[in-house]
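See below for work35.cif, which holds mmCIF, C-alpha atoms.
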```
data_upload
#
loop_
_atom_site.group_PDB
_atom_site.id
_atom_site.type_symbol
_atom_site.label_atom_id
_atom_site.label_comp_id
_atom_site.auth_asym_id
_atom_site.auth_seq_id
_atom_site.Cartn_x
_atom_site.Cartn_y
_atom_site.Cartn_z
ATOM 1 C CA MET A 447 -46.433 -47.272 25.036
ATOM 2 C CA LEU A 448 -47.341 -50.302 27.107
ATOM 3 C CA GLN A 449 -50.690 -48.786 27.919
ATOM 4 C CA GLU A 450 -51.234 -48.024 24.302
ATOM 5 C CA ALA A 451 -50.182 -51.544 23.355
ATOM 6 C CA ASN A 452 -52.464 -52.971 26.040
ATOM 7 C CA SER A 453 -55.438 -50.977 24.967
ATOM 8 C CA ASN A 454 -54.723 -51.921 21.378
ATOM 9 C CA ASN A 455 -54.710 -55.570 22.402
ATOM 10 C CA LEU A 456 -57.944 -55.113 24.290
ATOM 11 C CA GLY A 457 -59.391 -53.441 21.253
ATOM 12 C CA ASP A 458 -58.377 -56.383 19.115
ATOM 13 C CA GLN A 459 -59.902 -58.817 21.596
ATOM 14 C CA GLN A 460 -63.135 -56.880 21.665
ATOM 15 C CA VAL A 461 -63.221 -56.773 17.880
ATOM 16 C CA ALA A 462 -62.616 -60.542 17.777
ATOM 17 C CA ALA A 463 -65.375 -61.227 20.358
ATOM 18 C CA LYS A 464 -67.775 -59.025 18.426
ATOM 19 C CA GLN A 465 -66.954 -60.897 15.226
ATOM 20 C CA ILE A 466 -67.630 -64.274 16.882
ATOM 21 C CA THR A 467 -70.956 -63.021 18.238
ATOM 22 C CA GLU A 468 -72.019 -61.521 14.929
ATOM 23 C CA GLU A 469 -70.559 -63.913 12.376
ATOM 24 C CA GLY A 470 -70.318 -67.163 14.328
ATOM 25 C CA ARG A 471 -72.473 -70.275 14.504
ATOM 26 C CA GLU A 472 -72.494 -70.547 18.291
ATOM 27 C CA PHE A 473 -75.653 -69.471 20.093
ATOM 28 C CA ASN A 474 -74.582 -67.332 23.060
ATOM 29 C CA PRO A 475 -77.650 -65.326 24.067
ATOM 30 C CA GLU A 476 -76.797 -62.089 25.873
ATOM 31 C CA PHE A 477 -79.234 -61.406 28.678
ATOM 32 C CA ASP A 478 -79.399 -57.896 30.126
ATOM 33 C CA ASP A 479 -78.512 -56.804 33.672
ATOM 34 C CA ASN A 480 -81.832 -58.233 34.876
ATOM 35 C CA GLY A 481 -81.145 -61.548 33.165
ATOM 36 C CA LEU A 482 -83.749 -60.861 30.474
ATOM 37 C CA MET A 483 -83.940 -60.426 26.715
ATOM 38 C CA PRO A 484 -86.860 -59.325 24.559
ATOM 39 C CA ALA A 485 -88.518 -61.972 22.403
ATOM 40 C CA ILE A 486 -90.847 -61.119 19.550
ATOM 41 C CA ALA A 487 -93.530 -63.626 18.615
ATOM 42 C CA GLN A 488 -94.199 -63.429 14.892
ATOM 43 C CA ASP A 489 -96.874 -65.455 13.092
ATOM 44 C CA ALA A 490 -94.890 -67.954 11.004
ATOM 45 C CA LYS A 491 -97.544 -67.944 8.297
ATOM 46 C CA THR A 492 -98.598 -64.294 7.966
ATOM 47 C CA GLY A 493 -95.530 -62.466 9.317
ATOM 48 C CA GLU A 494 -97.717 -60.464 11.702
ATOM 49 C CA VAL A 495 -95.952 -59.399 14.899
ATOM 50 C CA LEU A 496 -98.169 -60.840 17.632
ATOM 51 C CA MET A 497 -96.548 -59.742 20.877
ATOM 52 C CA VAL A 498 -93.304 -58.870 22.609
ATOM 53 C CA ALA A 499 -92.340 -60.376 25.949
ATOM 54 C CA TYR A 500 -89.208 -61.184 27.903
ATOM 55 C CA MET A 501 -87.282 -64.391 28.446
ATOM 56 C CA ASN A 502 -84.742 -65.315 31.064
ATOM 57 C CA ARG A 503 -82.430 -68.282 30.596
ATOM 58 C CA ALA A 504 -84.974 -70.712 32.126
ATOM 59 C CA ALA A 505 -87.773 -69.472 29.859
ATOM 60 C CA LEU A 506 -85.558 -69.847 26.799
ATOM 61 C CA ASP A 507 -84.486 -73.356 27.826
ATOM 62 C CA LEU A 508 -88.114 -74.405 28.382
ATOM 63 C CA THR A 509 -89.100 -72.924 25.021
ATOM 64 C CA ILE A 510 -86.359 -74.884 23.254
ATOM 65 C CA GLN A 511 -87.064 -78.113 25.160
ATOM 66 C CA THR A 512 -90.860 -78.108 24.883
ATOM 67 C CA GLY A 513 -91.305 -76.413 21.501
ATOM 68 C CA TYR A 514 -93.862 -74.029 23.007
ATOM 69 C CA ALA A 515 -93.148 -70.401 23.906
ATOM 70 C CA THR A 516 -92.505 -69.745 27.585
ATOM 71 C CA TYR A 517 -91.736 -66.241 28.829
ATOM 72 C CA PHE A 518 -90.753 -64.573 32.081
ATOM 73 C CA SER A 519 -93.351 -62.211 33.505
ATOM 74 C CA ARG A 520 -91.690 -59.096 34.896
ATOM 75 C CA ALA A 521 -94.926 -58.080 36.680
ATOM 76 C CA ARG A 522 -95.431 -61.458 38.357
ATOM 77 C CA GLN A 523 -91.715 -62.384 38.475
ATOM 78 C CA LYS A 524 -92.402 -65.896 37.263
ATOM 79 C CA LEU A 525 -92.251 -68.094 34.211
ATOM 80 C CA TRP A 526 -95.424 -68.340 32.178
ATOM 81 C CA LYS A 527 -96.136 -70.619 29.301
ATOM 82 C CA LYS A 528 -98.038 -68.525 26.770
ATOM 83 C CA GLY A 529 -101.591 -69.868 26.703
ATOM 84 C CA GLU A 530 -101.412 -71.699 30.030
ATOM 85 C CA GLU A 531 -104.620 -69.935 31.066
ATOM 86 C CA SER A 532 -106.202 -68.915 27.754
ATOM 87 C CA GLY A 533 -105.303 -71.972 25.720
ATOM 88 C CA HIS A 534 -103.789 -69.703 23.032
ATOM 89 C CA VAL A 535 -100.386 -71.363 22.988
ATOM 90 C CA GLN A 536 -97.539 -70.631 20.559
ATOM 91 C CA LYS A 537 -95.945 -73.579 18.795
ATOM 92 C CA VAL A 538 -92.417 -72.507 17.975
ATOM 93 C CA GLU A 539 -91.367 -73.219 14.393
ATOM 94 C CA GLN A 540 -88.072 -71.340 14.413
ATOM 95 C CA ILE A 541 -85.993 -69.195 16.789
ATOM 96 C CA LEU A 542 -84.068 -66.343 15.170
ATOM 97 C CA VAL A 543 -81.393 -64.338 16.939
ATOM 98 C CA ASP A 544 -80.102 -60.897 16.015
ATOM 99 C CA CYS A 545 -76.566 -59.777 15.222
ATOM 100 C CA ASP A 546 -75.464 -59.054 18.787
ATOM 101 C CA GLN A 547 -77.505 -61.969 20.171
ATOM 102 C CA ASP A 548 -79.510 -59.928 22.645
ATOM 103 C CA CYS A 549 -82.943 -60.279 21.047
ATOM 104 C CA LEU A 550 -85.005 -63.144 19.623
ATOM 105 C CA VAL A 551 -87.721 -63.555 17.016
ATOM 106 C CA LEU A 552 -89.906 -66.612 17.532
ATOM 107 C CA LYS A 553 -91.696 -67.779 14.401
ATOM 108 C CA VAL A 554 -94.813 -69.347 15.856
ATOM 109 C CA SER A 555 -97.884 -71.249 14.744
ATOM 110 C CA VAL A 556 -100.970 -69.987 16.548
ATOM 111 C CA ASP A 557 -104.736 -70.220 16.598
ATOM 112 C CA ALA A 558 -107.005 -67.164 16.563
ATOM 113 C CA GLY A 559 -106.594 -64.653 19.383
ATOM 114 C CA GLN A 560 -103.133 -64.148 20.827
ATOM 115 C CA CYS A 561 -103.742 -60.927 22.770
ATOM 116 C CA HIS A 562 -105.534 -61.010 26.133
ATOM 117 C CA VAL A 563 -107.616 -57.985 25.085
ATOM 118 C CA GLY A 564 -109.319 -60.085 22.395
ATOM 119 C CA TYR A 565 -107.322 -59.330 19.270
ATOM 120 C CA GLN A 566 -105.161 -61.597 17.160
ATOM 121 C CA SER A 567 -102.094 -59.420 17.809
ATOM 122 C CA CYS A 568 -101.261 -57.073 20.684
ATOM 123 C CA PHE A 569 -100.525 -54.436 18.023
ATOM 124 C CA TYR A 570 -104.157 -53.592 17.177
ATOM 125 C CA ARG A 571 -103.763 -49.806 17.244
ATOM 126 C CA ALA A 572 -101.695 -47.340 15.226
ATOM 127 C CA LEU A 573 -100.814 -43.715 15.726
ATOM 128 C CA LYS A 574 -103.007 -41.604 13.429
ATOM 129 C CA LYS A 575 -101.275 -39.833 10.556
ATOM 130 C CA ASP A 576 -100.160 -36.329 11.576
ATOM 131 C CA SER A 577 -100.951 -36.925 15.236
ATOM 132 C CA ASP A 578 -98.683 -37.661 18.175
ATOM 133 C CA LYS A 579 -101.566 -38.327 20.547
ATOM 134 C CA GLU A 580 -104.426 -40.125 18.810
ATOM 135 C CA LEU A 581 -104.620 -43.840 18.083
ATOM 136 C CA GLU A 582 -106.831 -45.626 15.605
ATOM 137 C CA PHE A 583 -107.880 -49.246 15.781
ATOM 138 C CA ILE A 584 -106.548 -51.287 12.857
ATOM 139 C CA ALA A 585 -108.030 -54.684 13.801
ATOM 140 C CA GLU A 586 -111.231 -56.312 14.996
ATOM 141 C CA LYS A 587 -111.506 -58.503 18.062
ATOM 142 C CA VAL A 588 -111.444 -62.201 17.235
ATOM 143 C CA TYR A 589 -112.739 -63.486 20.571
ATOM 144 C CA ASN A 590 -114.333 -62.297 23.787
ATOM 145 C CA PRO A 591 -111.704 -62.402 26.546
ATOM 146 C CA LYS A 592 -114.394 -62.405 29.260
ATOM 147 C CA GLU A 593 -115.398 -65.864 28.132
ATOM 148 C CA ILE A 594 -111.859 -67.193 28.468
ATOM 149 C CA TYR A 595 -110.199 -65.486 31.416
ATOM 150 C CA LYS A 596 -111.634 -66.010 34.858
ATOM 151 C CA LYS A 597 -112.005 -62.912 37.001
ATOM 152 C CA MET B 413 -113.103 -51.878 56.634
ATOM 153 C CA LEU B 414 -111.807 -48.519 55.485
ATOM 154 C CA GLN B 415 -108.604 -50.134 54.329
ATOM 155 C CA GLU B 416 -110.569 -52.788 52.549
ATOM 156 C CA ALA B 417 -112.779 -50.158 50.959
ATOM 157 C CA ASN B 418 -109.692 -48.163 49.960
ATOM 158 C CA SER B 419 -107.945 -51.100 48.430
ATOM 159 C CA ASN B 420 -111.143 -52.016 46.624
ATOM 160 C CA ASN B 421 -111.299 -48.474 45.255
ATOM 161 C CA LEU B 422 -107.672 -48.643 44.234
ATOM 162 C CA GLY B 423 -108.406 -51.934 42.518
ATOM 163 C CA ASP B 424 -111.270 -50.351 40.603
ATOM 164 C CA GLN B 425 -109.078 -47.395 39.652
ATOM 165 C CA GLN B 426 -106.343 -49.698 38.414
ATOM 166 C CA VAL B 427 -108.857 -51.686 36.389
ATOM 167 C CA ALA B 428 -110.180 -48.453 34.888
ATOM 168 C CA ALA B 429 -106.665 -47.193 34.052
ATOM 169 C CA LYS B 430 -105.815 -50.522 32.439
ATOM 170 C CA GLN B 431 -108.981 -50.342 30.358
ATOM 171 C CA ILE B 432 -108.120 -46.824 29.138
ATOM 172 C CA THR B 433 -104.597 -47.926 28.231
ATOM 173 C CA GLU B 434 -105.771 -51.057 26.436
ATOM 174 C CA GLU B 435 -109.049 -49.992 24.859
ATOM 175 C CA GLY B 436 -108.584 -46.243 24.490
ATOM 176 C CA ARG B 437 -107.638 -43.989 21.595
ATOM 177 C CA GLU B 438 -105.117 -41.905 23.509
ATOM 178 C CA PHE B 439 -101.433 -42.594 22.869
ATOM 179 C CA ASN B 440 -99.704 -42.712 26.268
ATOM 180 C CA PRO B 441 -96.446 -44.573 25.712
ATOM 181 C CA GLU B 442 -95.108 -46.237 28.871
ATOM 182 C CA PHE B 443 -91.354 -45.934 29.084
ATOM 183 C CA ASP B 444 -89.486 -48.232 31.492
ATOM 184 C CA ASP B 445 -87.467 -47.208 34.558
ATOM 185 C CA ASN B 446 -84.634 -46.144 32.248
ATOM 186 C CA GLY B 447 -86.987 -44.037 30.164
ATOM 187 C CA LEU B 448 -86.849 -46.498 27.260
ATOM 188 C CA MET B 449 -89.171 -48.760 25.305
ATOM 189 C CA PRO B 450 -88.343 -51.378 22.682
ATOM 190 C CA ALA B 451 -89.237 -50.561 19.080
ATOM 191 C CA ILE B 452 -89.350 -53.194 16.366
ATOM 192 C CA ALA B 453 -88.651 -52.114 12.804
ATOM 193 C CA GLN B 454 -90.662 -54.257 10.402
ATOM 194 C CA ASP B 455 -90.437 -54.017 6.613
ATOM 195 C CA ALA B 456 -93.790 -52.509 5.612
ATOM 196 C CA LYS B 457 -93.752 -54.430 2.326
ATOM 197 C CA THR B 458 -92.460 -57.905 3.217
ATOM 198 C CA GLY B 459 -93.302 -58.109 6.948
ATOM 199 C CA GLU B 460 -89.719 -59.101 7.753
ATOM 200 C CA VAL B 461 -88.561 -58.041 11.204
ATOM 201 C CA LEU B 462 -85.461 -55.954 10.492
ATOM 202 C CA MET B 463 -84.153 -54.932 13.893
ATOM 203 C CA VAL B 464 -85.058 -54.119 17.465
ATOM 204 C CA ALA B 465 -83.789 -51.000 19.195
ATOM 205 C CA TYR B 466 -84.845 -48.672 21.996
ATOM 206 C CA MET B 467 -86.513 -45.285 22.026
ATOM 207 C CA ASN B 468 -86.725 -42.671 24.712
ATOM 208 C CA ARG B 469 -89.290 -39.885 24.563
ATOM 209 C CA ALA B 470 -86.991 -37.640 22.480
ATOM 210 C CA ALA B 471 -86.305 -40.423 19.953
ATOM 211 C CA LEU B 472 -90.011 -41.127 19.614
ATOM 212 C CA ASP B 473 -90.822 -37.424 19.173
ATOM 213 C CA LEU B 474 -88.127 -37.046 16.499
ATOM 214 C CA THR B 475 -89.400 -40.164 14.728
ATOM 215 C CA ILE B 476 -92.948 -38.786 14.665
ATOM 216 C CA GLN B 477 -91.844 -35.289 13.646
ATOM 217 C CA THR B 478 -89.378 -36.255 10.909
ATOM 218 C CA GLY B 479 -91.013 -39.437 9.598
ATOM 219 C CA TYR B 480 -87.670 -41.262 9.855
ATOM 220 C CA ALA B 481 -86.776 -43.729 12.611
ATOM 221 C CA THR B 482 -84.586 -42.324 15.384
ATOM 222 C CA TYR B 483 -83.532 -44.507 18.301
ATOM 223 C CA PHE B 484 -81.647 -44.092 21.557
ATOM 224 C CA SER B 485 -78.363 -45.961 21.728
ATOM 225 C CA ARG B 486 -77.892 -47.526 25.150
ATOM 226 C CA ALA B 487 -74.217 -48.224 24.420
ATOM 227 C CA ARG B 488 -73.425 -44.662 23.336
ATOM 228 C CA GLN B 489 -76.158 -43.020 25.471
ATOM 229 C CA LYS B 490 -77.268 -40.790 22.618
ATOM 230 C CA LEU B 491 -79.909 -40.402 19.971
ATOM 231 C CA TRP B 492 -79.117 -41.879 16.586
ATOM 232 C CA LYS B 493 -81.064 -41.523 13.413
ATOM 233 C CA LYS B 494 -80.994 -44.953 11.768
ATOM 234 C CA GLY B 495 -78.844 -44.626 8.671
ATOM 235 C CA GLU B 496 -77.108 -41.403 9.693
ATOM 236 C CA GLU B 497 -73.775 -43.099 8.954
ATOM 237 C CA SER B 498 -74.694 -45.930 6.590
ATOM 238 C CA GLY B 499 -77.362 -44.157 4.603
ATOM 239 C CA HIS B 500 -79.760 -47.050 5.271
ATOM 240 C CA VAL B 501 -82.533 -44.929 6.734
ATOM 241 C CA GLN B 502 -86.015 -46.120 7.695
ATOM 242 C CA LYS B 503 -88.970 -44.160 6.368
ATOM 243 C CA VAL B 504 -91.778 -44.708 8.848
ATOM 244 C CA GLU B 505 -95.091 -45.622 7.247
ATOM 245 C CA GLN B 506 -96.998 -46.497 10.418
ATOM 246 C CA ILE B 507 -96.370 -46.689 14.180
ATOM 247 C CA LEU B 508 -98.212 -49.469 16.014
ATOM 248 C CA VAL B 509 -98.444 -49.720 19.778
ATOM 249 C CA ASP B 510 -99.234 -52.791 21.831
ATOM 250 C CA CYS B 511 -102.011 -53.373 24.368
ATOM 251 C CA ASP B 512 -100.209 -51.974 27.409
ATOM 252 C CA GLN B 513 -98.467 -49.275 25.343
ATOM 253 C CA ASP B 514 -94.924 -50.226 26.336
ATOM 254 C CA CYS B 515 -93.687 -51.457 22.956
ATOM 255 C CA LEU B 516 -93.835 -50.191 19.376
ATOM 256 C CA VAL B 517 -93.786 -51.712 15.910
ATOM 257 C CA LEU B 518 -92.574 -49.351 13.196
ATOM 258 C CA LYS B 519 -93.694 -50.295 9.708
ATOM 259 C CA VAL B 520 -90.853 -48.934 7.604
ATOM 260 C CA SER B 521 -89.860 -48.542 3.971
ATOM 261 C CA VAL B 522 -86.201 -49.382 3.486
ATOM 262 C CA ASP B 523 -83.580 -49.972 0.855
ATOM 263 C CA ALA B 524 -81.355 -53.068 0.803
ATOM 264 C CA GLY B 525 -79.198 -53.712 3.855
ATOM 265 C CA GLN B 526 -80.528 -52.667 7.241
ATOM 266 C CA CYS B 527 -78.073 -54.573 9.469
ATOM 267 C CA HIS B 528 -74.560 -53.221 10.037
ATOM 268 C CA VAL B 529 -73.144 -56.743 9.532
ATOM 269 C CA GLY B 530 -74.224 -56.673 5.881
ATOM 270 C CA TYR B 531 -77.590 -58.417 5.912
ATOM 271 C CA GLN B 532 -81.024 -57.049 5.107
ATOM 272 C CA SER B 533 -82.266 -57.922 8.615
ATOM 273 C CA CYS B 534 -80.392 -58.304 11.910
ATOM 274 C CA PHE B 535 -82.146 -61.676 12.250
ATOM 275 C CA TYR B 536 -80.004 -63.587 9.741
ATOM 276 C CA ARG B 537 -79.402 -66.661 11.911
ATOM 277 C CA ALA B 538 -81.688 -69.291 13.421
ATOM 278 C CA LEU B 539 -81.181 -71.917 16.072
ATOM 279 C CA LYS B 540 -80.753 -75.286 14.374
ATOM 280 C CA LYS B 541 -83.533 -77.827 14.852
ATOM 281 C CA ASP B 542 -82.873 -80.051 17.884
ATOM 282 C CA SER B 543 -79.960 -77.898 19.049
ATOM 283 C CA ASP B 544 -79.709 -75.351 21.827
ATOM 284 C CA LYS B 545 -76.226 -74.233 20.832
ATOM 285 C CA GLU B 546 -75.774 -74.200 17.061
ATOM 286 C CA LEU B 547 -76.930 -71.464 14.711
ATOM 287 C CA GLU B 548 -77.464 -71.659 10.981
ATOM 288 C CA PHE B 549 -77.386 -68.744 8.579
ATOM 289 C CA ILE B 550 -80.749 -68.165 6.893
ATOM 290 C CA ALA B 551 -79.801 -65.171 4.732
ATOM 291 C CA GLU B 552 -77.093 -63.912 2.404
ATOM 292 C CA LYS B 553 -75.300 -60.597 2.814
ATOM 293 C CA VAL B 554 -76.698 -57.888 0.594
ATOM 294 C CA TYR B 555 -73.799 -55.436 0.886
ATOM 295 C CA ASN B 556 -70.239 -55.211 2.150
ATOM 296 C CA PRO B 557 -70.230 -53.190 5.387
ATOM 297 C CA LYS B 558 -66.498 -52.435 5.043
ATOM 298 C CA GLU B 559 -67.324 -50.296 2.050
ATOM 299 C CA ILE B 560 -69.848 -48.252 3.984
ATOM 300 C CA TYR B 561 -68.674 -47.865 7.563
ATOM 301 C CA LYS B 562 -65.468 -45.987 8.205
ATOM 302 C CA LYS B 563 -63.117 -47.581 10.713
#
```
Please render this file's structure as structure tokens.
Amino acid sequence: MLQEANSNNLGDQQVAAKQITEEGREFNPEFDDNGLMPAIAQDAKTGEVLMVAYMNRAALDLTIQTGYATYFSRARQKLWKKGEESGHVQKVEQILVDCDQDCLVLKVSVDAGQCHVGYQSCFYRALKKDSDKELEFIAEKVYNPKEIYKK
Amino acid sequence: MLQEANSNNLGDQQVAAKQITEEGREFNPEFDDNGLMPAIAQDAKTGEVLMVAYMNRAALDLTIQTGYATYFSRARQKLWKKGEESGHVQKVEQILVDCDQDCLVLKVSVDAGQCHVGYQSCFYRALKKDSDKELEFIAEKVYNPKEIYKK
């Protein structure tokens, strides 16, 4: 009975915590076991999804403080301000958080060419209809990355 | 010298592999160490980002085969077809992949109410201007989840 009562209490507490996270006005970002959360950069004007990257707490704080998107590079294990090398920065207009507060959408103002491959968005290819193997290009390059990135 | 030559060769091979991944027409999704990749569901009509979830290879295959979004629940460690309980399914119109093929955007056709909390999108709150703590609601609920989800 006590166990049942205890687990009922725990259940209630968990339900209450979930409700605060989902229905509350306090921003309590939930980073994963590696201290990261995915952040989606979406063009504030067109709605196009530009890229997905990861933020740790420091990257999020810098993004909020500076108004420009800063991410955490998992490959290089360091903070990087988007555009620090290419000049293609992201001015953050709005930061949205999802129901369980473990993912962000950044509404950003950008110039032409957000992807290092030369396209406006990193999502420049789509899976062909009725194929699980073949991609088709759905965008044109908007700049030549060789002219921007040093070797 | 041999080592240098070898590492140069490896460098060239890595550059070539990167080029195939980024510029090629072959779909070779890169799952992470847990066998997962993030997938963003975006309303094909309005461009609104609806939710972010994870797919493993089986979820991706089912999504391609059935034409309806299926994800892998990390919490429950099982496949779930979006809407299997709520009825709010996602008909997949197009699957986009990013430059390094480790993230997907699903352009989906949906009815009203994609988030289990009652909103159309999971991103129904934004960080208030000049605050790093306070959220504001930017959407209205479009259905009552208590009427749809059983306890």
Set the distance at 12 Å and use all atoms listed in the file: which residues neighbour Met463 (chain B) once local chain neighbours fewer than 6 positions away are removed? I'd like the list as a PyMOL selection string.
(chain A and resi 484-486+542-551) or (chain B and resi 450-455+481+483+494+502+517-520+522+525-529+531-536)
Residues returned when the PyMOL selection byres ((chain B and resi 489) around 12) runs on this file, as a PyMOL selection string
chain B and resi 446-448+466-468+471+483-488+490-492
Restricting the calculation to all atoms listed in the file, which member of B:Asp542, B:Glu442, B:Glu434, B:Glu496 is positioned closest to Gln511 (chain A)?
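The shortest atom-to-atom distance to Gln511 (chain A) comes from B:Asp542.
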Superposition output for chain B against chain A, all Cα paired in order, as a compact mmCIF listing (two decimals) with C-alpha atoms, keeping the file's coordinate frame:
```
# COMPACT_ATOMS: atom_id res chain seq x y z
CA MET B 413 -46.54 -47.49 25.70
CA LEU B 414 -47.49 -50.60 27.62
CA GLN B 415 -50.87 -49.11 28.38
CA GLU B 416 -51.29 -48.19 24.77
CA ALA B 417 -50.25 -51.67 23.70
CA ASN B 418 -52.65 -53.17 26.25
CA SER B 419 -55.56 -51.07 25.17
CA ASN B 420 -54.76 -51.89 21.56
CA ASN B 421 -54.80 -55.59 22.47
CA LEU B 422 -58.07 -55.16 24.30
CA GLY B 423 -59.45 -53.40 21.25
CA ASP B 424 -58.40 -56.30 19.05
CA GLN B 425 -59.93 -58.78 21.49
CA GLN B 426 -63.19 -56.86 21.55
CA VAL B 427 -63.25 -56.74 17.76
CA ALA B 428 -62.64 -60.49 17.64
CA ALA B 429 -65.39 -61.19 20.21
CA LYS B 430 -67.81 -59.01 18.28
CA GLN B 431 -66.98 -60.88 15.08
CA ILE B 432 -67.64 -64.25 16.75
CA THR B 433 -70.96 -63.01 18.12
CA GLU B 434 -72.05 -61.51 14.80
CA GLU B 435 -70.60 -63.91 12.24
CA GLY B 436 -70.36 -67.14 14.21
CA ARG B 437 -72.49 -70.26 14.41
CA GLU B 438 -72.49 -70.52 18.19
CA PHE B 439 -75.65 -69.45 20.01
CA ASN B 440 -74.57 -67.30 22.97
CA PRO B 441 -77.63 -65.30 23.97
CA GLU B 442 -76.78 -62.04 25.77
CA PHE B 443 -79.19 -61.37 28.59
CA ASP B 444 -79.36 -57.84 30.03
CA ASP B 445 -78.46 -56.75 33.57
CA ASN B 446 -81.77 -58.17 34.78
CA GLY B 447 -81.09 -61.48 33.09
CA LEU B 448 -83.70 -60.82 30.40
CA MET B 449 -83.91 -60.39 26.64
CA PRO B 450 -86.85 -59.30 24.50
CA ALA B 451 -88.50 -61.97 22.35
CA ILE B 452 -90.85 -61.12 19.51
CA ALA B 453 -93.53 -63.64 18.60
CA GLN B 454 -94.23 -63.46 14.87
CA ASP B 455 -96.91 -65.49 13.10
CA ALA B 456 -94.92 -67.98 11.02
CA LYS B 457 -97.61 -67.98 8.32
CA THR B 458 -98.67 -64.34 7.96
CA GLY B 459 -95.58 -62.50 9.30
CA GLU B 460 -97.75 -60.49 11.69
CA VAL B 461 -95.98 -59.42 14.87
CA LEU B 462 -98.17 -60.85 17.63
CA MET B 463 -96.54 -59.75 20.86
CA VAL B 464 -93.30 -58.86 22.57
CA ALA B 465 -92.32 -60.35 25.91
CA TYR B 466 -89.17 -61.16 27.85
CA MET B 467 -87.24 -64.36 28.40
CA ASN B 468 -84.68 -65.27 31.00
CA ARG B 469 -82.38 -68.25 30.55
CA ALA B 470 -84.91 -70.67 32.10
CA ALA B 471 -87.73 -69.43 29.83
CA LEU B 472 -85.52 -69.81 26.77
CA ASP B 473 -84.44 -73.32 27.81
CA LEU B 474 -88.07 -74.37 28.39
CA THR B 475 -89.07 -72.90 25.02
CA ILE B 476 -86.33 -74.87 23.25
CA GLN B 477 -87.03 -78.07 25.18
CA THR B 478 -90.83 -78.08 24.91
CA GLY B 479 -91.28 -76.40 21.52
CA TYR B 480 -93.84 -74.01 23.03
CA ALA B 481 -93.13 -70.38 23.91
CA THR B 482 -92.46 -69.71 27.59
CA TYR B 483 -91.68 -66.20 28.81
CA PHE B 484 -90.69 -64.53 32.06
CA SER B 485 -93.28 -62.16 33.46
CA ARG B 486 -91.62 -59.05 34.86
CA ALA B 487 -94.84 -58.02 36.63
CA ARG B 488 -95.35 -61.38 38.34
CA GLN B 489 -91.62 -62.30 38.44
CA LYS B 490 -92.30 -65.83 37.25
CA LEU B 491 -92.18 -68.04 34.21
CA TRP B 492 -95.36 -68.30 32.19
CA LYS B 493 -96.08 -70.59 29.33
CA LYS B 494 -98.01 -68.51 26.79
CA GLY B 495 -101.55 -69.84 26.75
CA GLU B 496 -101.35 -71.67 30.08
CA GLU B 497 -104.56 -69.88 31.11
CA SER B 498 -106.15 -68.87 27.81
CA GLY B 499 -105.25 -71.93 25.80
CA HIS B 500 -103.75 -69.69 23.09
CA VAL B 501 -100.36 -71.35 23.04
CA GLN B 502 -97.53 -70.63 20.60
CA LYS B 503 -95.94 -73.58 18.83
CA VAL B 504 -92.41 -72.51 17.99
CA GLU B 505 -91.39 -73.25 14.41
CA GLN B 506 -88.09 -71.36 14.39
CA ILE B 507 -86.01 -69.20 16.75
CA LEU B 508 -84.08 -66.36 15.12
CA VAL B 509 -81.41 -64.34 16.86
CA ASP B 510 -80.13 -60.91 15.92
CA CYS B 511 -76.59 -59.77 15.11
CA ASP B 512 -75.47 -59.05 18.67
CA GLN B 513 -77.50 -61.96 20.07
CA ASP B 514 -79.51 -59.90 22.55
CA CYS B 515 -82.95 -60.27 20.97
CA LEU B 516 -85.01 -63.13 19.56
CA VAL B 517 -87.74 -63.56 16.97
CA LEU B 518 -89.91 -66.62 17.50
CA LYS B 519 -91.71 -67.80 14.38
CA VAL B 520 -94.83 -69.36 15.86
CA SER B 521 -97.91 -71.27 14.77
CA VAL B 522 -100.98 -70.01 16.59
CA ASP B 523 -104.74 -70.24 16.66
CA ALA B 524 -107.01 -67.18 16.62
CA GLY B 525 -106.57 -64.66 19.42
CA GLN B 526 -103.11 -64.15 20.86
CA CYS B 527 -103.72 -60.91 22.79
CA HIS B 528 -105.49 -61.00 26.16
CA VAL B 529 -107.60 -57.98 25.12
CA GLY B 530 -109.32 -60.08 22.44
CA TYR B 531 -107.33 -59.33 19.30
CA GLN B 532 -105.18 -61.63 17.20
CA SER B 533 -102.11 -59.43 17.82
CA CYS B 534 -101.26 -57.07 20.69
CA PHE B 535 -100.55 -54.45 18.01
CA TYR B 536 -104.17 -53.61 17.17
CA ARG B 537 -103.79 -49.82 17.24
CA ALA B 538 -101.74 -47.36 15.19
CA LEU B 539 -100.86 -43.73 15.67
CA LYS B 540 -103.06 -41.64 13.38
CA LYS B 541 -101.35 -39.87 10.49
CA ASP B 542 -100.23 -36.36 11.48
CA SER B 543 -101.00 -36.96 15.16
CA ASP B 544 -98.73 -37.68 18.09
CA LYS B 545 -101.59 -38.35 20.48
CA GLU B 546 -104.47 -40.14 18.77
CA LEU B 547 -104.66 -43.86 18.06
CA GLU B 548 -106.87 -45.66 15.59
CA PHE B 549 -107.92 -49.28 15.78
CA ILE B 550 -106.60 -51.33 12.87
CA ALA B 551 -108.07 -54.72 13.82
CA GLU B 552 -111.27 -56.34 15.04
CA LYS B 553 -111.52 -58.53 18.12
CA VAL B 554 -111.46 -62.21 17.30
CA TYR B 555 -112.75 -63.50 20.65
CA ASN B 556 -114.32 -62.29 23.87
CA PRO B 557 -111.68 -62.39 26.62
CA LYS B 558 -114.35 -62.38 29.35
CA GLU B 559 -115.35 -65.84 28.23
CA ILE B 560 -111.82 -67.15 28.56
CA TYR B 561 -110.11 -65.45 31.49
CA LYS B 562 -111.50 -66.02 34.95
CA LYS B 563 -111.79 -62.92 37.11
```
Could you tell me which of A:Leu573, A:Leu506, A:Ala585, A:Leu496 comes closest to chain B if we count all atoms listed in the file?
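Counting all atoms listed in the file, the residue closest to chain B is A:Leu573.
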